[in-house]
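Here is the file entry15.cif (mmCIF, C-alpha atoms and all ligand atoms).
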data_query
loop_
_atom_site.label_atom_id
_atom_site.label_comp_id
_atom_site.auth_asym_id
_atom_site.auth_seq_id
_atom_site.Cartn_x
_atom_site.Cartn_y
_atom_site.Cartn_z
CA MET A 976 90.79 85.10 93.70
CA ALA A 977 91.93 84.54 97.31
CA ARG A 978 93.17 87.57 99.24
CA LEU A 979 96.62 86.73 100.60
CA ALA A 980 98.57 88.34 103.45
CA ILE A 981 102.22 87.36 103.91
CA ALA A 982 103.83 88.04 107.29
CA GLY A 983 107.59 87.71 106.86
CA SER A 984 107.44 88.43 103.14
CA THR A 985 111.13 89.39 102.91
CA GLY A 986 112.45 86.06 104.22
CA SER A 987 113.23 82.76 102.56
CA ILE A 988 109.65 81.39 102.80
CA GLY A 989 108.07 84.80 102.12
CA THR A 990 109.97 85.39 98.88
CA GLN A 991 109.33 81.84 97.68
CA ALA A 992 105.62 82.37 98.37
CA LEU A 993 105.69 85.41 96.10
CA GLU A 994 107.28 83.22 93.40
CA VAL A 995 104.34 80.84 93.76
CA VAL A 996 101.90 83.77 93.50
CA ASP A 997 103.63 84.89 90.28
CA ALA A 998 103.57 81.38 88.84
CA VAL A 999 99.82 80.94 89.30
CA ASP A 1000 98.95 84.38 88.00
CA GLY A 1001 95.43 85.47 88.93
CA ARG A 1002 94.87 82.95 91.71
CA PHE A 1003 95.94 85.13 94.65
CA GLU A 1004 95.66 88.84 95.27
CA VAL A 1005 98.44 90.04 97.58
CA VAL A 1006 96.59 92.35 99.97
CA ALA A 1007 99.15 92.68 102.77
CA LEU A 1008 102.91 92.23 103.19
CA GLY A 1009 104.92 92.44 106.39
CA ALA A 1010 108.48 92.25 107.68
CA ALA A 1011 110.46 93.38 110.70
CA ARG A 1012 113.03 95.92 109.50
CA SER A 1013 113.90 95.19 105.85
CA ALA A 1014 112.49 98.51 104.62
CA ASP A 1015 114.11 98.48 101.17
CA GLU A 1016 113.05 94.96 100.26
CA LEU A 1017 109.54 95.44 101.63
CA SER A 1018 109.21 98.72 99.70
CA ALA A 1019 110.28 96.99 96.48
CA GLN A 1020 107.70 94.25 97.10
CA ALA A 1021 105.00 96.85 97.80
CA GLN A 1022 105.84 98.70 94.58
CA ARG A 1023 105.51 95.46 92.65
CA TYR A 1024 102.46 93.83 94.28
CA ARG A 1025 100.60 96.99 95.36
CA PRO A 1026 99.03 95.55 98.57
CA GLY A 1027 96.66 97.86 100.41
CA LEU A 1028 98.60 97.30 103.64
CA VAL A 1029 102.19 96.82 104.72
CA GLY A 1030 103.31 96.09 108.27
CA VAL A 1031 106.66 96.61 109.98
CA ALA A 1032 108.02 96.15 113.49
CA ASP A 1033 108.76 99.78 114.43
CA SER A 1034 108.22 103.38 113.45
CA ALA A 1035 111.84 103.95 112.33
CA THR A 1036 111.35 101.21 109.72
CA ALA A 1037 107.96 102.66 108.78
CA ALA A 1038 109.62 106.05 108.18
CA ALA A 1039 112.16 104.42 105.86
CA LEU A 1040 109.50 102.79 103.65
CA ASP A 1041 108.91 103.95 100.09
CA VAL A 1042 105.49 102.49 99.24
CA PRO A 1043 102.88 103.55 96.67
CA ALA A 1044 100.63 106.46 97.66
CA GLY A 1045 97.56 105.26 99.56
CA THR A 1046 99.21 102.15 101.00
CA GLU A 1047 98.28 101.85 104.64
CA VAL A 1048 101.26 101.26 106.95
CA ALA A 1049 100.73 99.36 110.21
CA VAL A 1050 103.41 99.31 112.91
CA GLY A 1051 104.31 96.99 115.81
CA ASP A 1052 101.54 95.33 117.82
CA GLU A 1053 98.76 96.47 115.48
CA VAL A 1054 100.22 94.59 112.47
CA PRO A 1055 98.91 91.02 113.04
CA GLU A 1056 95.25 92.00 113.40
CA ALA A 1057 95.46 94.55 110.60
CA MET A 1058 96.86 91.90 108.25
CA ALA A 1059 94.36 89.24 109.30
CA SER A 1060 91.44 91.63 108.86
CA VAL A 1061 92.05 92.12 105.12
CA ALA A 1062 92.94 88.57 104.06
CA ASP A 1063 91.30 85.21 103.35
CA VAL A 1064 94.61 83.43 103.77
CA MET A 1065 97.50 84.51 105.97
CA LEU A 1066 100.92 82.98 105.41
CA ASN A 1067 102.90 83.21 108.64
CA ALA A 1068 106.53 83.17 107.48
CA VAL A 1069 107.91 85.13 110.42
CA VAL A 1070 110.84 83.51 112.21
CA GLY A 1071 110.72 82.70 115.93
CA TYR A 1072 108.37 83.45 118.82
CA ALA A 1073 107.65 86.83 117.20
CA GLY A 1074 105.30 84.87 114.92
CA LEU A 1075 102.85 83.99 117.70
CA PRO A 1076 100.64 87.11 117.41
CA PHE A 1077 100.26 86.48 113.65
CA THR A 1078 99.16 82.88 114.25
CA LEU A 1079 96.65 83.95 116.91
CA ALA A 1080 95.33 86.89 114.87
CA ALA A 1081 94.71 84.77 111.76
CA LEU A 1082 92.92 82.01 113.66
CA THR A 1083 90.91 84.38 115.84
CA ALA A 1084 89.70 86.15 112.70
CA GLY A 1085 88.62 82.78 111.26
CA ARG A 1086 91.15 82.82 108.42
CA ARG A 1087 93.13 80.08 106.80
CA LEU A 1088 96.58 80.14 108.35
CA ALA A 1089 99.31 78.77 106.10
CA LEU A 1090 101.83 78.11 108.85
CA ALA A 1091 105.58 78.12 108.30
CA ASN A 1092 106.29 79.66 111.72
CA LYS A 1093 106.50 76.43 113.73
CA GLU A 1094 107.74 78.30 116.83
CA SER A 1095 104.28 79.82 117.42
CA LEU A 1096 102.63 76.42 117.48
CA VAL A 1097 105.37 74.92 119.65
CA ALA A 1098 105.29 77.75 122.19
CA GLY A 1099 101.58 78.54 121.93
CA GLY A 1100 100.11 74.98 121.93
CA ASP A 1101 96.88 75.24 123.91
CA LEU A 1102 96.31 78.92 123.16
CA VAL A 1103 96.63 78.34 119.45
CA ARG A 1104 94.23 75.41 119.70
CA ARG A 1105 91.73 77.59 121.55
CA ALA A 1106 92.05 80.41 119.00
CA ARG A 1107 91.45 77.90 116.22
CA ILE A 1108 88.31 76.50 117.85
CA GLU A 1109 86.87 79.83 118.99
CA GLY A 1110 87.75 81.79 115.84
CA GLY A 1111 86.91 79.02 113.41
CA GLY A 1112 90.13 79.37 111.44
CA GLU A 1113 92.11 76.47 109.99
CA ILE A 1114 95.82 75.65 109.88
CA LEU A 1115 97.48 74.33 106.76
CA PRO A 1116 101.09 73.42 107.49
CA VAL A 1117 103.85 74.80 105.26
CA ASP A 1118 106.71 72.87 106.86
CA SER A 1119 107.46 70.24 104.23
CA GLU A 1120 107.23 67.38 106.75
CA HIS A 1121 103.81 68.41 108.03
CA ALA A 1122 102.52 69.18 104.57
CA ALA A 1123 103.58 65.61 103.72
CA LEU A 1124 101.81 64.20 106.79
CA HIS A 1125 98.70 66.24 105.98
CA GLN A 1126 98.61 64.70 102.50
CA CYS A 1127 99.25 61.14 103.75
CA LEU A 1128 96.66 61.40 106.53
CA ALA A 1129 94.06 62.45 103.96
CA GLY A 1130 94.38 58.95 102.51
CA LEU A 1131 93.53 57.12 105.76
CA PRO A 1132 90.27 56.71 107.68
CA ALA A 1133 90.11 58.13 111.21
CA GLY A 1134 91.53 55.80 113.86
CA SER A 1135 93.79 53.91 111.45
CA VAL A 1136 97.10 55.73 112.10
CA SER A 1137 99.68 53.80 114.08
CA ARG A 1138 102.76 56.03 113.60
CA LEU A 1139 103.96 59.29 112.11
CA LEU A 1140 107.49 59.16 110.71
CA LEU A 1141 109.05 62.58 110.38
CA THR A 1142 112.03 62.54 108.06
CA ALA A 1143 115.15 64.60 108.81
CA SER A 1144 117.99 65.31 106.41
CA GLY A 1145 120.40 65.01 109.34
CA GLY A 1146 121.83 68.46 108.52
CA PRO A 1147 125.46 69.30 107.68
CA PHE A 1148 126.90 67.31 110.61
CA ARG A 1149 125.19 63.97 110.05
CA GLY A 1150 127.54 61.09 110.88
CA ARG A 1151 129.91 63.27 112.92
CA GLN A 1152 130.64 62.59 116.60
CA ALA A 1153 130.46 65.08 119.46
CA ALA A 1154 134.27 65.36 119.68
CA ASP A 1155 134.39 66.37 115.97
CA LEU A 1156 131.86 69.11 116.45
CA ALA A 1157 133.47 71.06 119.27
CA SER A 1158 134.88 73.75 117.00
CA VAL A 1159 132.71 73.77 113.87
CA THR A 1160 132.21 77.23 112.43
CA ARG A 1161 129.10 79.28 111.77
CA ALA A 1162 129.70 78.89 108.01
CA GLU A 1163 129.86 75.09 108.31
CA ALA A 1164 126.65 74.99 110.34
CA LEU A 1165 124.92 77.27 107.81
CA ASN A 1166 125.90 75.02 104.91
CA HIS A 1167 122.82 72.79 104.75
CA PRO A 1168 123.18 69.84 102.37
CA THR A 1169 119.67 69.84 100.85
CA TRP A 1170 117.70 72.99 101.79
CA ASP A 1171 118.44 76.69 101.30
CA MET A 1172 116.70 78.39 104.26
CA GLY A 1173 116.94 81.34 106.64
CA PRO A 1174 119.77 81.24 109.22
CA LYS A 1175 117.75 80.29 112.33
CA VAL A 1176 116.07 77.22 110.88
CA THR A 1177 119.36 76.19 109.22
CA ILE A 1178 121.15 76.18 112.58
CA ASP A 1179 118.18 74.34 114.10
CA SER A 1180 118.61 71.72 111.38
CA SER A 1181 122.28 71.29 112.26
CA THR A 1182 121.41 70.51 115.92
CA LEU A 1183 118.22 68.50 115.15
CA MET A 1184 116.31 71.02 117.29
CA ASN A 1185 114.39 71.74 114.10
CA LYS A 1186 113.20 68.14 114.10
CA GLY A 1187 112.41 68.34 117.79
CA LEU A 1188 110.29 71.45 117.23
CA GLU A 1189 108.62 69.61 114.36
CA VAL A 1190 107.77 66.67 116.62
CA ILE A 1191 105.91 69.07 118.92
CA GLU A 1192 104.37 70.76 115.87
CA ALA A 1193 103.10 67.37 114.63
CA HIS A 1194 101.65 66.59 118.07
CA GLU A 1195 99.77 69.91 118.04
CA LEU A 1196 98.60 69.73 114.43
CA PHE A 1197 97.45 66.13 114.32
CA ASP A 1198 96.56 65.56 117.97
CA LEU A 1199 98.68 62.41 118.31
CA ASP A 1200 100.68 61.23 121.29
CA PHE A 1201 104.47 61.73 121.34
CA ASP A 1202 104.91 57.94 121.61
CA VAL A 1203 103.62 57.49 118.05
CA ILE A 1204 105.70 60.30 116.50
CA ASP A 1205 109.11 59.04 115.35
CA VAL A 1206 112.04 60.61 113.53
CA VAL A 1207 114.00 58.88 110.81
CA VAL A 1208 117.05 60.37 109.11
CA HIS A 1209 116.75 60.45 105.33
CA PRO A 1210 119.69 62.37 103.88
CA GLN A 1211 118.25 62.85 100.37
CA SER A 1212 115.25 64.92 101.62
CA ILE A 1213 112.99 63.38 98.97
CA VAL A 1214 110.57 61.50 101.23
CA HIS A 1215 109.18 64.44 103.21
CA SER A 1216 107.50 62.29 105.87
CA MET A 1217 105.41 59.14 106.21
CA VAL A 1218 102.36 57.77 107.97
CA GLU A 1219 102.12 54.14 109.03
CA SER A 1220 98.67 52.62 109.23
CA ILE A 1221 97.47 49.96 111.71
CA ASP A 1222 97.60 47.39 108.88
CA GLY A 1223 101.35 48.01 108.42
CA SER A 1224 101.00 50.02 105.20
CA VAL A 1225 103.17 53.15 104.97
CA LEU A 1226 102.13 56.21 102.96
CA ALA A 1227 104.87 58.65 101.94
CA GLN A 1228 104.89 61.97 100.10
CA MET A 1229 107.85 62.65 97.84
CA SER A 1230 109.39 65.37 95.69
CA MET A 1231 112.79 66.94 95.23
CA PRO A 1232 113.40 69.46 98.03
CA ASP A 1233 111.57 72.64 97.00
CA MET A 1234 109.59 74.66 99.57
CA ARG A 1235 107.42 76.18 96.86
CA LEU A 1236 105.54 72.86 96.70
CA PRO A 1237 104.33 72.82 100.35
CA ILE A 1238 103.77 76.60 100.23
CA GLY A 1239 101.51 76.17 97.19
CA TYR A 1240 99.80 73.17 98.79
CA ALA A 1241 98.90 75.20 101.88
CA LEU A 1242 97.75 78.24 99.93
CA GLY A 1243 95.69 76.35 97.36
CA HIS A 1244 94.22 73.49 99.43
CA PRO A 1245 92.01 71.60 98.68
CA GLN A 1246 92.82 72.35 95.04
CA ARG A 1247 96.27 71.58 93.63
CA LEU A 1248 98.09 74.40 91.91
CA ASP A 1249 98.82 73.55 88.30
CA VAL A 1250 102.52 74.46 88.51
CA ALA A 1251 104.88 71.61 89.41
CA TYR A 1252 107.74 72.15 91.87
CA GLY A 1253 110.30 69.53 92.88
CA ARG A 1254 109.30 67.07 90.17
CA ILE A 1255 111.43 63.92 90.48
CA ASP A 1256 113.62 62.78 87.62
CA TRP A 1257 113.39 59.03 88.28
CA SER A 1258 116.21 58.26 85.86
CA ALA A 1259 118.58 60.30 88.04
CA LEU A 1260 117.38 59.02 91.42
CA SER A 1261 119.64 56.21 92.56
CA ALA A 1262 118.95 55.67 96.26
CA LEU A 1263 116.68 56.58 99.12
CA THR A 1264 118.30 55.75 102.44
CA PHE A 1265 117.06 55.82 106.02
CA GLU A 1266 118.84 55.63 109.36
CA GLU A 1267 118.28 56.22 113.07
CA PRO A 1268 119.08 59.69 114.43
CA ASP A 1269 122.16 59.93 116.67
CA ARG A 1270 120.38 61.13 119.80
CA GLU A 1271 123.53 61.49 121.88
CA THR A 1272 125.42 63.81 119.54
CA PHE A 1273 122.26 65.70 118.63
CA ALA A 1274 120.84 66.04 122.14
CA CYS A 1275 118.38 68.78 121.16
CA LEU A 1276 116.04 66.20 119.65
CA ASP A 1277 115.34 64.52 123.00
CA LEU A 1278 115.26 67.85 124.84
CA ALA A 1279 112.35 68.76 122.58
CA TYR A 1280 110.57 65.43 123.11
CA ALA A 1281 110.93 65.90 126.88
CA ALA A 1282 109.56 69.45 126.75
CA GLY A 1283 106.65 68.33 124.58
CA ARG A 1284 105.79 65.52 126.98
CA SER A 1285 106.02 67.88 129.97
CA GLY A 1286 103.49 70.21 128.37
CA GLY A 1287 102.44 73.48 130.04
CA THR A 1288 104.96 76.20 129.31
CA ALA A 1289 107.86 73.76 128.82
CA PRO A 1290 107.79 73.98 124.99
CA ALA A 1291 107.68 77.80 125.18
CA TRP A 1292 110.61 77.74 127.59
CA LEU A 1293 112.55 75.37 125.29
CA ASN A 1294 111.82 77.49 122.25
CA ALA A 1295 112.94 80.69 124.00
CA ALA A 1296 116.16 79.10 125.26
CA ASN A 1297 116.87 77.75 121.80
CA GLU A 1298 116.35 81.16 120.15
CA VAL A 1299 118.85 82.68 122.58
CA ALA A 1300 121.32 79.82 122.04
CA VAL A 1301 121.09 80.00 118.23
CA GLY A 1302 121.49 83.79 118.34
CA ALA A 1303 124.56 83.38 120.56
CA PHE A 1304 126.07 80.84 118.20
CA LEU A 1305 125.39 83.03 115.15
CA THR A 1306 127.09 85.98 116.88
CA GLU A 1307 129.98 83.71 117.88
CA GLN A 1308 129.46 84.01 121.65
CA ILE A 1309 129.24 80.24 122.08
CA MET A 1310 130.44 77.19 120.17
CA TRP A 1311 128.06 74.76 118.43
CA PRO A 1312 127.89 72.19 121.30
CA GLY A 1313 126.97 75.11 123.55
CA ILE A 1314 123.55 75.32 121.87
CA ALA A 1315 122.35 72.03 123.39
CA GLU A 1316 124.13 72.87 126.63
CA VAL A 1317 122.31 76.21 126.92
CA VAL A 1318 118.92 74.64 126.20
CA ALA A 1319 119.49 71.72 128.61
CA ALA A 1320 120.55 74.07 131.42
CA ALA A 1321 117.51 76.27 130.81
CA MET A 1322 115.16 73.27 130.84
CA ASP A 1323 116.62 72.21 134.21
CA GLN A 1324 115.27 75.49 135.54
CA TRP A 1325 111.76 75.21 134.02
CA ASP A 1326 109.31 76.10 136.78
CA GLY A 1327 106.48 73.71 135.77
CA ALA A 1328 104.05 76.57 135.02
CA LYS A 1329 100.83 76.07 133.05
CA ALA A 1330 100.14 77.86 129.77
CA ASP A 1331 96.60 79.16 130.29
CA SER A 1332 97.00 82.68 128.96
CA LEU A 1333 99.14 84.83 126.71
CA ASP A 1334 100.65 86.33 129.86
CA ASP A 1335 101.74 82.85 131.02
CA LEU A 1336 103.45 82.33 127.68
CA ALA A 1337 105.10 85.74 127.69
CA GLU A 1338 106.42 85.05 131.19
CA ALA A 1339 107.71 81.62 130.18
CA ASP A 1340 109.33 83.08 127.07
CA ALA A 1341 111.07 85.79 129.11
CA ALA A 1342 112.16 83.35 131.84
CA GLY A 1343 113.46 80.83 129.27
CA ARG A 1344 115.46 83.63 127.65
CA ARG A 1345 116.88 84.77 131.00
CA ALA A 1346 117.91 81.24 131.97
CA ALA A 1347 119.54 80.69 128.57
CA SER A 1348 121.36 84.04 128.62
CA ALA A 1349 122.93 83.20 131.97
CA THR A 1350 124.43 80.02 130.49
CA VAL A 1351 125.54 81.89 127.36
CA ASP A 1352 127.37 84.37 129.61
CA ARG A 1353 128.97 81.55 131.58
CA LEU A 1354 130.09 79.69 128.44
CA GLY A 1355 131.25 82.90 126.78
CA ALA A 1356 133.38 83.79 129.79
CA ALA A 1357 134.94 80.32 130.05
N1 LIG A 1401 113.19 78.64 104.95
C1 LIG A 1401 112.67 77.44 104.85
O1 LIG A 1401 112.90 76.74 103.86
C2 LIG A 1401 111.76 76.92 105.93
C3 LIG A 1401 111.28 75.61 105.84
C4 LIG A 1401 110.38 75.16 106.78
C5 LIG A 1401 109.96 76.00 107.81
N2 LIG A 1401 110.46 77.24 107.88
C6 LIG A 1401 110.00 78.12 108.98
O2 LIG A 1401 109.49 79.32 108.41
C7 LIG A 1401 109.74 80.42 109.28
C8 LIG A 1401 110.50 81.49 108.48
O3 LIG A 1401 111.76 80.95 108.11
P1 LIG A 1401 112.68 81.65 107.02
O4 LIG A 1401 113.77 80.68 106.77
O5 LIG A 1401 111.85 82.16 105.88
O6 LIG A 1401 113.26 82.88 107.88
P2 LIG A 1401 114.02 84.18 107.37
O7 LIG A 1401 114.53 83.98 105.99
O8 LIG A 1401 114.98 84.54 108.43
O9 LIG A 1401 112.85 85.28 107.28
C9 LIG A 1401 112.16 85.69 108.44
C10 LIG A 1401 111.09 86.71 108.09
O10 LIG A 1401 110.43 87.09 109.30
C11 LIG A 1401 110.44 88.51 109.40
N3 LIG A 1401 110.41 88.89 110.80
C12 LIG A 1401 111.35 88.62 111.75
N4 LIG A 1401 110.96 89.14 112.94
C13 LIG A 1401 109.77 89.72 112.74
C14 LIG A 1401 108.86 90.44 113.56
N5 LIG A 1401 109.13 90.67 114.87
N6 LIG A 1401 107.71 90.91 113.01
C15 LIG A 1401 107.44 90.70 111.72
N7 LIG A 1401 108.26 90.04 110.87
C16 LIG A 1401 109.41 89.56 111.38
C17 LIG A 1401 111.71 88.93 108.70
O11 LIG A 1401 111.69 90.31 108.36
P3 LIG A 1401 113.07 91.13 108.10
O12 LIG A 1401 113.54 90.74 106.73
O13 LIG A 1401 112.67 92.55 108.17
O14 LIG A 1401 114.03 90.71 109.18
C18 LIG A 1401 111.64 88.01 107.48
O15 LIG A 1401 110.72 88.50 106.55
C19 LIG A 1401 110.53 79.86 110.46
O16 LIG A 1401 109.67 79.58 111.52
C20 LIG A 1401 111.12 78.54 109.93
O17 LIG A 1401 111.32 77.57 110.93
C21 LIG A 1401 111.34 77.73 106.98
#

As structure tokens - that is how I would like this structure written.
Amino acid sequence: MARLAIAGSTGSIGTQALEVVDAVDGRFEVVALGAARSADELSAQAQRYRPGLVGVADSATAAALDVPAGTEVAVGDEVPEAMASVADVMLNAVVGYAGLPFTLAALTAGRRLALANKESLVAGGDLVRRARIEGGGEILPVDSEHAALHQCLAGLPAGSVSRLLLTASGGPFRGRQAADLASVTRAEALNHPTWDMGPKVTIDSSTLMNKGLEVIEAHELFDLDFDVIDVVVHPQSIVHSMVESIDGSVLAQMSMPDMRLPIGYALGHPQRLDVAYGRIDWSALSALTFEEPDRETFACLDLAYAAGRSGGTAPAWLNAANEVAVGAFLTEQIMWPGIAEVVAAAMDQWDGAKADSLDDLAEADAAGRRAASATVDRLGAA
């Protein structure tokens, strides 16, 4: 039985992971659960799964927990290492840059990291790579696209990949023009056509920043140049991504959209879990369509490519600016087109710094946030 720690257990990915654990009874022992401030939900999970450890972001949340006697409670900066120390597999389902310490702790401790938190890989690039090499841990992607690529790449000999094709649903605003999108509401942007996800990644899907972050994630995970990583819009979200081989053959991985499938793939690899999620009813499937992304209306996609190609702290800066911009949109300080505007303005101020240490990243994250906040203030005042 593998010992499983779930960071971000109260979120969309975290709760679906617990459904997978329930479905394959006896395969995983939940040894640690963690969240930021959802004390009630985390307490209910702890009562049910009886992990030896729970982690929360601050002491006020810790004081509000109602966990079984004897459960150790870790708080703040000590949580990532504490969770990694008791687990064989750590699922990082935290949202945003806050996930970076969990990624680093799992890899440094030599664990399997089932990675949903793409922001840590985007921002942390070289540092994450170093932690993986030095600690001896491994990353299994949970993002459905990268789980698909991981499966397709397993079918090809080294050196035979000519292109990765990341599929994108296109989000709720696919087909709309910039002029149409000036006044879309928060509710419209949160209404994703094919996936039911947490708010941040749902807004990222509406701007195609999610796909941009995934392009950088694919570059980091599979060590391939940005020139061979393409994006194709596939509104049905059934083909989760594809790999083209040098002989022209294309391998695809397919299922109905259901995150429990890639979660289970990452947790169980190399075995397959014997519970099927997202099974396709071929009698009901009428069409799979593909189209080019609209890079002008959804400018975030190319902002991410540019940051990825720049390297250094540019992806961390981009990610920080985007987190500020998405937060500002969700709190109705800026309109939807303002998200790309905020990120573009922040990237214009990127200082070209290298990402050699955690301090470099923390500085880039803070500076990216400051630059973005200034544009949010300007747009909000206009
Ligand atoms: N949802 C999907 O279908 C999906 C698909 C692909 C990839 N992803 C990626 O998976 C990650 C999680 O997404 P989600 O949709 O599950 O997000 P979510 O529903 O918003 O959940 C986020 C989780 O992270 C926790 N958290 C936030 N800040 C934290 C901190 N500082 N320390 C510890 N825990 C913290 C939250 O705890 P509280 O409840 O206490 O706030 C919650 O458990 C994101 O990186 C996203 O891009 C998600």

Q: Find the residues near Leu1066 in chain A: any atom within 6 Å, counting only C-alpha atoms, skip ones fewer than 6 places away on the same chain, and give them as a ChimeraX atom specification.
A: /A:981,1088-1089

Counting all atoms listed in the file, which residues in chain A sit no more than 6 Å from ligand LIG 1401 (chain A)? For each one, give the nearest pair of atoms and the distance in Å, sorted by chain then residue number, as CSV.
residue,atom,partner,partner_atom,distance
A:Gly983,CA,A:LIG1401,O15,3.2
A:Ser984,CA,A:LIG1401,O15,4.7
A:Thr985,CA,A:LIG1401,O15,3.8
A:Gly986,CA,A:LIG1401,O9,3.2
A:Ser987,CA,A:LIG1401,O5,3.6
A:Ile988,CA,A:LIG1401,O5,3.9
A:Gly989,CA,A:LIG1401,O5,5.9
A:Ala1010,CA,A:LIG1401,O11,3.8
A:Ala1011,CA,A:LIG1401,O13,3.5
A:Arg1012,CA,A:LIG1401,O13,3.6
A:Ser1013,CA,A:LIG1401,O13,3.7
A:Ala1032,CA,A:LIG1401,N6,5.3
A:Ala1068,CA,A:LIG1401,C8,4.4
A:Val1069,CA,A:LIG1401,O10,3.4
A:Val1070,CA,A:LIG1401,C19,4.1
A:Gly1071,CA,A:LIG1401,O16,5.5
A:Ala1073,CA,A:LIG1401,N5,4.7
A:Ala1091,CA,A:LIG1401,O2,4.1
A:Asn1092,CA,A:LIG1401,O16,3.4
A:Lys1093,CA,A:LIG1401,O16,5.0
A:Glu1094,CA,A:LIG1401,O16,5.8
A:Asp1118,CA,A:LIG1401,C4,4.3
A:Met1172,CA,A:LIG1401,N1,3.6
A:Gly1173,CA,A:LIG1401,O4,3.2
A:Pro1174,CA,A:LIG1401,O8,5.9
A:Val1176,CA,A:LIG1401,O17,4.8
A:Met1234,CA,A:LIG1401,O1,5.8

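Residues having any atom no farther than 10 Å from (91.2, 78.7, 111.6) (counting only C-alpha atoms) are A:Val1064, A:Thr1078, A:Leu1079, A:Ala1080, A:Ala1081, A:Leu1082, A:Thr1083, A:Ala1084, A:Gly1085, A:Arg1086, A:Arg1087, A:Leu1088, A:Ala1089, A:Val1103, A:Arg1104, A:Ala1106, A:Arg1107, A:Ile1108, A:Glu1109, A:Gly1110, A:Gly1111, A:Gly1112, A:Glu1113, A:Ile1114, A:Leu1115.
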
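Distances here use all atoms listed in the file; by that measure, the residue among A:Val1006, A:Ala1342, A:Ala1295, A:Val999 closest to Arg1247 in chain A is A:Val999.
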
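Nearest residue to Trp1257 in chain A among A:Leu1096, A:Val1048, A:Met1231, A:Ala1129 is A:Met1231, counting all atoms listed in the file.
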
Go through range 1173-1279 of chain A and flag each residue having an atom no more than 9 Å from range 1136-1143 of chain A; for those, report the closest pair of atoms plus their distance in Å to one decimal, using all atoms listed in the file, ordered by chain and rising number, as a tab-separated table.
residue	atom	partner	partner_atom	distance
A:Ser1180	CA	A:Ala1143	CA	8.3
A:Leu1183	CA	A:Ala1143	CA	8.1
A:Asn1185	CA	A:Ala1143	CA	8.9
A:Lys1186	CA	A:Ala1143	CA	6.7
A:Glu1189	CA	A:Leu1141	CA	8.1
A:Val1190	CA	A:Leu1141	CA	7.6
A:Ala1193	CA	A:Leu1139	CA	8.5
A:Leu1199	CA	A:Leu1139	CA	8.7
A:Asp1202	CA	A:Arg1138	CA	8.5
A:Val1203	CA	A:Arg1138	CA	4.8
A:Ile1204	CA	A:Leu1139	CA	4.8
A:Asp1205	CA	A:Leu1140	CA	4.9
A:Val1206	CA	A:Leu1141	CA	4.8
A:Val1207	CA	A:Thr1142	CA	5.0
A:Val1208	CA	A:Ala1143	CA	4.6
A:His1209	CA	A:Ala1143	CA	5.6
A:Pro1210	CA	A:Ala1143	CA	7.1
A:Ser1212	CA	A:Ala1143	CA	7.2
A:Val1214	CA	A:Thr1142	CA	7.1
A:His1215	CA	A:Thr1142	CA	5.9
A:Ser1216	CA	A:Leu1141	CA	4.8
A:Met1217	CA	A:Leu1140	CA	5.0
A:Val1218	CA	A:Leu1139	CA	4.7
A:Glu1219	CA	A:Arg1138	CA	5.0
A:Ser1220	CA	A:Val1136	CA	4.5
A:Ile1221	CA	A:Ser1137	CA	5.0
A:Asp1222	CA	A:Ser1137	CA	8.5
A:Gly1223	CA	A:Ser1137	CA	8.3
A:Phe1265	CA	A:Thr1142	CA	8.6
A:Pro1268	CA	A:Ala1143	CA	8.4

Return as lines of an AutoDock Vina configuration file the centre and edge lengths, in Å with one decimal, of the box along x, y and z that encloses every atom of range 1123-1132 of chain A in the file, padded by 3 Å per side.
center_x = 96.9
center_y = 61.5
center_z = 105.1
size_x = 19.3
size_y = 15.5
size_z = 11.2

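A search radius of 10 Å centred on (116.5, 80.3, 120.5), applied to all atoms listed in the file, returns the residues Gly1071, Tyr1072, Glu1094, Lys1175, Asp1179, Met1184, Trp1292, Leu1293, Asn1294, Ala1295, Ala1296, Asn1297, Glu1298, Val1299, Ala1300, Val1301, Gly1302, Ala1303, Phe1304, Ile1314, Val1317, Val1318, Gly1343, Arg1344 and Ala1347 of chain A.
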